[in-house]
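As structure tokens, the structure follows; a few thoughts come after it.
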Protein chains: 2
Amino acid sequence: FFNNCFFVIIILYYIGSSCSKTDTIPEKSGSSSGFLGNLLVVPMDGSHWVGIKAIAQEMGRRGHRVTVVIPEISIRMGPGKYYDTITYPVPYDRDYMDFVMTSHKDILEKSSQPFMEKMKKMFSQIQKITNLLHTTAESLLFNASLISHLAQQNFDAVLTDPMVPTGLIVAHKLGIPTINLLRGVPCSLDMKASGCPSPPSFVPRFFTGYTDRMNFKERVINTLVALLEPLFCRLMPKDLGNNEEMCVKLEFSCDSVHTRIDFTLEFPRPLMPNVILVGGINCKVRNPLPEDLASWLSGEHGFVVFTLGTMVSEMPDYITSTFLDAFSQIPQKVIWRYTGKFPSRIPDNVKIMKWVPQNDLLGTHPGVRAFITHAGSHGTFEGLCHGVPMVLVPLAAEQPDNAQKIASRGAGIVLDITSVTTETLLKGLNEVINDPRYKENIQKLSALHNDRPIDPLDLSVFWTEFVMQHKGAKHLRPAFHDLYWFQYYSLDVMAVLATVLLVFVALTFKCLKLCLRKLSRKKKQE
Amino acid sequence: FFNNCFFVIIILYYIGSSCSKTDTIPEKSGSSSGFLGNLLVVPMDGSHWVGIKAIAQEMGRRGHRVTVVIPEISIRMGPGKYYDTITYPVPYDRDYMDFVMTSHKDILEKSSQPFMEKMKKMFSQIQKITNLLHTTAESLLFNASLISHLAQQNFDAVLTDPMVPTGLIVAHKLGIPTINLLRGVPCSLDMKASGCPSPPSFVPRFFTGYTDRMNFKERVINTLVALLEPLFCRLMPKDLGNNEEMCVKLEFSCDSVHTRIDFTLEFPRPLMPNVILVGGINCKVRNPLPEDLASWLSGEHGFVVFTLGTMVSEMPDYITSTFLDAFSQIPQKVIWRYTGKFPSRIPDNVKIMKWVPQNDLLGTHPGVRAFITHAGSHGTFEGLCHGVPMVLVPLAAEQPDNAQKIASRGAGIVLDITSVTTETLLKGLNEVINDPRYKENIQKLSALHNDRPIDPLDLSVFWTEFVMQHKGAKHLRPAFHDLYWFQYYSLDVMAVLATVLLVFVALTFKCLKLCLRKLSRKKKQE
């Protein structure tokens, strides 16, 4: 069960986080340090591709040689203007991938089937994706000719997403440093790998939905989650080196960890010096809106952007009609990204498109009033960067956490997708659009978030170049890696100190007793 | 005793760290954000003035209104081109200050007087400086008309050095956020105030001289120091609000803490998000060397720079002659900053000056071979930035720690000032000058240190502007400030969990016992 649970997380992470596209990148001046290197990129598919691709493109544009290794069949990974691509064969085809992707719909289906039946369906779906990830990783790692080809290329470093440790293992095989780009890894594996303490008293754990200000009960649960996390991670399948020790060991080799978080959303907590914050790496407005779209969107009441990420390629009819019902009752126009079957009756103020320039819509058009999002990390950051109040419909993975973070700042409203009704949706939309506090709060947050000394993409590129040029960043690697866990927590030291104290107290006590006895004897003799 | 001990530290910190001057600053483009604010600066004297002044100057140069509040009489604080100065009267004069400064010499004196006599002298000296600091702080804080004048100026924030909490108290009185610039505070008060965990298993404590890789014995001592630190700080005089709770409480209001450290020197450890690393803020080469000095320094063997900081305004003769003896036996020229009485016989290759452009000497002249320094934090960073191998003669405060950090990287040699002989000095100089490993190691470190995405002075200015513009940086303030210490360490949660576990075990045990008894009774009945 745990095993499967873990994979729910992994998978929803894998596919679910966002739907923004970053195919074009801004023009920048060339490499600042004059150093030109050779970078290997082992990306992950789905929304994880967004940030990695942005860095790969920018590195290539600055004159570095960049090679991206991707499977023949993938959801969205592909070639780009500034990097070379090497593809490797996988034992599945496009149809199978599409089949896996569309069967997500079943999980959202309001069915009359019994609970156990539904759970079984869910786990079967999870199993499918787990197998897909597994097969993809094996196809690269056991491709001896490809690995030996890569070994001959004299790469300076590997840029990867450590959600599945394929890239870490490749780097390990090639003996070169890695740069990780991640949003976070379940079981706080990323924190553990960096040796960073996370006091459960004010660092809420993933998936709890807590803020940094917890009451006693919440702190008890948060502490329990923190204590049980390692157990949870020990139950991962071991054949891919996917178990805790292996992961942590592999992450030792990470010289620089780029985390897609930012403290305007994240609650303040300690970080290690090799962790670089690049939340909002995807926020730069890239293109003006197509003219016909821009003019359709114009109107005194403005418009709402509605996307639920690549995960929801298709939705059950009952959800679709709930949303359409609500939309038909608001004065705003609605632009909706949806790849499933189009509903038969679409209100006049709604435009459904297979793909929308989400970031540009949020960032360039003054008419934007609200953003209905599943709170994937990219989408959440785009809403934040551009100061658009949100209606958050989290589906899975870290999305409830993201949603909670926006809501706890008074910058959005959270709705539950499985119980959403036309009324609750209308109420939510009305509130974020018409109550000025939401706009004010998100714009204050946005101002804090955007006011930073260096653009997150430039920062990513800087540290990637740093690791390549200096052959790692060993000076940022904490000595904790050489310690056993009981040494890390100073348990051995505490044991010795406690023993010394006990012996001292015992001896003093004995001594006193002896003295008293002698004294009383003397008295008796007198 | 502890009380005095603490003040040894405070005082040596206060005066001892460096001797570099930063009177001119580089030309930069104006304020990046367009925001222009009103900054109050409450600096500390001695080397602590260096960084604060650099930020004040640069802020003023970018168009902000900057007001620096300093005592009438000070060691080195004074007006600058880009800021206004307000001076306040103090009940001591220049002569008294000079008298306090020169009496440091007595501590270094190799005297035949008994140990206790010497200690008494030392503590009397410490008492003098403590009183001076105390009087200075009172002169500002109890100057009602000045404080009310400041209150009327509508400052956006206070930039200060929290070594003595005068600036923190002023900010508290005016109800505005503070920006701290510091190298570190004894008893890890700075870490404590930020709520940052510092596991003693790999975070060496101040003044232990340990690295991050400690053996068992060292870890025991480090843990003991960590445990006793709070005790140590509780012994500070309380009338100025200088005790631990007060300090920590005041530092709560710090919205951004600029720490003059860098992980090329510091051992990797967790940091809180409002801590900004600006180590090397003083390293920018500002001026070309005066022509006569540059030509005197030229020669095939290069030269050595020798400075021991403002603390040692005068040295006992026996130390002076040891150094001169050694210098007369090396082919390099030596440039020595010394404000005391010049020795009667000076070798030809030695030039003694009352002030030297230390940073420019280390940074611009290709002939520099070695740097003899007391390992004050500014000097250490200047040696590091410019890649000059060092002979380190730490005197006090955090200097032994700085020296140890350079030495542990194979970039310098540490000598003990009280036992230094011509032979050990010669051996040390020969090693760092002629063994190429020292040069290689410091240059590797230097490359790492200098390769950063943004100049430390620009970074300081950025975050100062950030705090001024956004009226603080509350989003970076950890929730730990609302927790009691036992909540922070989750001791209450642990107690409850342990109780539940104990009750559960006890009940299970009781239950089993009961069952067994019943069973055995039944058997007996059978």
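Ordering of the structure tokens sets the chain letters (A, B, ...), residue numbers begin anew at 1 in every chain, and ligands are numbered from 1 in the order given.
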
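If we count only C-alpha atoms, these residues of chain B sit within 7 Å of chain A: Cys196, Pro197, Ser201, Phe202, Asp212, Arg213, Val220, Phe263, Thr264, Pro268, Arg269, Pro270, Leu271, Met272, Pro273, Pro453, Leu459, Phe462, His475, Leu476, Arg477, Pro478, Ala479, Phe480, Gln487, Tyr488, Tyr489, Ser490 and Val493 of chain B.
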
Deliver the residues from the most recent selection as a file, using N, CA, C and O atoms, as a compact mmCIF listing (two decimals), in the first residue's frame.
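Listing of part27.txt after writing:
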```
# COMPACT_ATOMS: atom_id res chain seq x y z
N CYS B 196 17.91 29.63 13.67
CA CYS B 196 18.55 28.66 12.80
C CYS B 196 19.20 27.54 13.60
O CYS B 196 20.01 27.80 14.48
N PRO B 197 18.86 26.29 13.31
CA PRO B 197 19.53 25.19 14.00
C PRO B 197 20.99 25.09 13.55
O PRO B 197 21.29 25.31 12.39
N SER B 201 27.26 18.65 15.65
CA SER B 201 28.02 17.54 15.07
C SER B 201 28.84 17.96 13.86
O SER B 201 29.86 17.36 13.56
N PHE B 202 28.42 19.00 13.17
CA PHE B 202 29.23 19.46 12.03
C PHE B 202 29.30 20.98 11.91
O PHE B 202 29.86 21.50 10.94
N ASP B 212 34.75 21.60 10.26
CA ASP B 212 33.47 20.90 10.28
C ASP B 212 33.66 19.39 10.38
O ASP B 212 32.70 18.65 10.54
N ARG B 213 34.90 18.92 10.28
CA ARG B 213 35.17 17.49 10.43
C ARG B 213 35.86 17.27 11.77
O ARG B 213 37.07 17.46 11.90
N VAL B 220 32.58 16.20 21.37
CA VAL B 220 32.14 16.33 22.76
C VAL B 220 32.36 17.77 23.24
O VAL B 220 31.46 18.41 23.80
N PHE B 263 31.17 30.93 2.12
CA PHE B 263 31.40 29.52 2.34
C PHE B 263 32.70 29.00 1.73
O PHE B 263 32.99 27.82 1.84
N THR B 264 33.46 29.88 1.08
CA THR B 264 34.81 29.44 0.73
C THR B 264 35.65 29.36 2.00
O THR B 264 36.61 28.60 2.07
N PRO B 268 30.27 24.63 5.60
CA PRO B 268 28.85 24.63 5.23
C PRO B 268 27.94 24.31 6.43
O PRO B 268 28.16 23.34 7.13
N ARG B 269 26.97 25.15 6.64
CA ARG B 269 26.01 24.97 7.73
C ARG B 269 24.70 25.61 7.32
O ARG B 269 24.66 26.43 6.41
N PRO B 270 23.61 25.23 7.99
CA PRO B 270 22.32 25.79 7.61
C PRO B 270 22.26 27.29 7.89
O PRO B 270 22.93 27.78 8.81
N LEU B 271 21.48 27.97 7.10
CA LEU B 271 21.25 29.41 7.30
C LEU B 271 19.77 29.70 7.12
O LEU B 271 19.09 28.98 6.41
N MET B 272 19.30 30.76 7.75
CA MET B 272 17.91 31.15 7.55
C MET B 272 17.81 32.06 6.32
O MET B 272 18.79 32.70 5.93
N PRO B 273 16.61 32.12 5.73
CA PRO B 273 16.50 32.87 4.47
C PRO B 273 16.73 34.37 4.58
O PRO B 273 16.97 35.01 3.56
N PRO B 453 27.32 35.50 -8.32
CA PRO B 453 26.40 36.13 -9.28
C PRO B 453 26.26 37.63 -9.09
O PRO B 453 25.88 38.33 -10.02
N LEU B 459 24.79 43.53 -3.38
CA LEU B 459 23.81 42.68 -2.72
C LEU B 459 23.32 43.33 -1.43
O LEU B 459 22.13 43.34 -1.12
N PHE B 462 21.09 46.12 -2.32
CA PHE B 462 19.80 45.60 -2.79
C PHE B 462 18.89 45.28 -1.62
O PHE B 462 17.74 45.70 -1.56
N HIS B 475 8.09 38.31 5.48
CA HIS B 475 7.91 36.98 4.91
C HIS B 475 9.15 36.12 5.10
O HIS B 475 9.11 34.92 4.87
N LEU B 476 10.26 36.72 5.50
CA LEU B 476 11.48 35.94 5.73
C LEU B 476 11.68 35.65 7.22
O LEU B 476 12.66 35.02 7.60
N ARG B 477 10.75 36.13 8.05
CA ARG B 477 10.92 35.96 9.48
C ARG B 477 10.31 34.63 9.93
O ARG B 477 9.10 34.45 9.81
N PRO B 478 11.12 33.71 10.43
CA PRO B 478 10.58 32.39 10.76
C PRO B 478 9.59 32.43 11.92
O PRO B 478 9.70 33.26 12.83
N ALA B 479 8.62 31.51 11.89
CA ALA B 479 7.58 31.45 12.91
C ALA B 479 8.15 31.07 14.26
O ALA B 479 7.46 31.15 15.27
N PHE B 480 9.40 30.66 14.29
CA PHE B 480 10.03 30.23 15.54
C PHE B 480 9.94 31.31 16.61
O PHE B 480 9.97 31.02 17.80
N GLN B 487 9.02 24.45 22.87
CA GLN B 487 8.21 24.17 21.69
C GLN B 487 9.11 24.09 20.45
O GLN B 487 8.94 23.22 19.60
N TYR B 488 10.08 25.00 20.38
CA TYR B 488 11.01 25.01 19.25
C TYR B 488 11.68 23.64 19.11
O TYR B 488 11.81 23.10 18.01
N TYR B 489 12.11 23.06 20.24
CA TYR B 489 12.77 21.76 20.19
C TYR B 489 11.75 20.61 20.22
O TYR B 489 12.13 19.46 20.39
N SER B 490 10.46 20.92 20.12
CA SER B 490 9.37 19.92 20.12
C SER B 490 9.40 19.07 21.38
O SER B 490 8.98 17.91 21.37
N VAL B 493 5.82 18.12 22.44
CA VAL B 493 5.27 17.08 21.57
C VAL B 493 5.89 15.73 21.91
O VAL B 493 5.19 14.71 22.04
```

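For A:Lys427, the residues within 12 Å (counting only C-alpha atoms, excluding itself and residues fewer than 5 positions away along the chain) are A:Ala326, A:Phe327, A:Gln329, A:Ile330, A:Val391, A:Ile413, A:Val414, A:Leu415, A:Val420, A:Thr421, A:Thr422, A:Val432, A:Ile433, A:Asn434, A:Asp435.
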
Keeping N, CA and C atoms, export the residues of the selection given above as a CSV table (one decimal), in the first residue's frame.
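See part-v6.csv below for the written result:
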```csv
chain,number,residue,atom,x,y,z
A,326,ALA,N,-21.3,27.7,-14.2
A,326,ALA,CA,-20.8,28.8,-13.4
A,326,ALA,C,-20.4,29.9,-14.3
A,327,PHE,N,-19.6,29.6,-15.4
A,327,PHE,CA,-19.0,30.6,-16.3
A,327,PHE,C,-20.2,31.4,-17.0
A,329,GLN,N,-22.7,32.4,-15.8
A,329,GLN,CA,-23.4,33.3,-15.0
A,329,GLN,C,-22.5,34.5,-14.5
A,330,ILE,N,-21.3,34.5,-15.1
A,330,ILE,CA,-20.4,35.7,-14.7
A,330,ILE,C,-20.2,36.6,-15.9
A,391,VAL,N,-8.4,31.1,-8.0
A,391,VAL,CA,-9.3,30.1,-7.4
A,391,VAL,C,-8.5,28.8,-7.6
A,413,ILE,N,-8.6,31.4,-3.2
A,413,ILE,CA,-9.6,30.6,-2.5
A,413,ILE,C,-9.5,29.1,-3.0
A,414,VAL,N,-9.5,28.2,-2.0
A,414,VAL,CA,-9.3,26.8,-2.4
A,414,VAL,C,-10.7,26.1,-2.5
A,415,LEU,N,-10.9,25.3,-3.6
A,415,LEU,CA,-12.1,24.5,-3.8
A,415,LEU,C,-11.7,23.1,-4.0
A,420,VAL,N,-16.9,20.2,-5.9
A,420,VAL,CA,-17.2,21.6,-6.4
A,420,VAL,C,-18.6,21.6,-7.0
A,421,THR,N,-19.4,22.7,-6.7
A,421,THR,CA,-20.7,22.9,-7.3
A,421,THR,C,-20.7,24.2,-8.0
A,422,THR,N,-21.7,24.4,-8.9
A,422,THR,CA,-21.8,25.7,-9.6
A,422,THR,C,-21.8,26.8,-8.5
A,432,VAL,N,-12.9,36.4,-5.3
A,432,VAL,CA,-11.6,36.8,-5.7
A,432,VAL,C,-11.6,38.0,-6.7
A,433,ILE,N,-12.7,38.0,-7.5
A,433,ILE,CA,-12.8,39.1,-8.5
A,433,ILE,C,-13.2,40.4,-7.9
A,434,ASN,N,-14.2,40.3,-7.0
A,434,ASN,CA,-14.9,41.6,-6.6
A,434,ASN,C,-14.4,42.1,-5.2
A,435,ASP,N,-13.9,41.2,-4.4
A,435,ASP,CA,-13.3,41.6,-3.1
A,435,ASP,C,-11.9,42.1,-3.3
```

task: Considering only C-alpha atoms, return as a list in words whatever protein or nucleic-acid residues lie within 8 Å of A:Ile372, sequence-local ones (same chain, fewer than 2 positions apart) excluded.
output: Val304, Val305, Phe306, Thr307, Leu308, Ala370, His374, Met390, Val391, Leu392 and Val393 of chain A

- request: To one decimal in Å, tell me the separation between atom CA of A:Pro456 and atom CA of A:His386.
  value: 15.2 Å

- prompt: Residues at most 8 Å from stretch 72-82 of chain A, counting only C-alpha atoms, excluding those fewer than 6 positions away in the same chain, as a ChimeraX atom specification?
  reply: /A:23,45-46,49,56-61,66,88-90,92-94,97

task: Please measure the separation of atom CA of B:Leu181 and atom CA of B:Ala403, giving the value in Å to one decimal.
output: 21.5 Å

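Between atom CA of A:Ala144 and atom CA of A:Thr85 lies a distance of 17.9 Å.
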
field: Secondary structure check, helix (DSSP H, G or I) residues of stretch 113-296 of chain B, as a ChimeraX atom specification
entry: /B:115-141,144-151,166-174,186-194,216-234,244-252,291-296
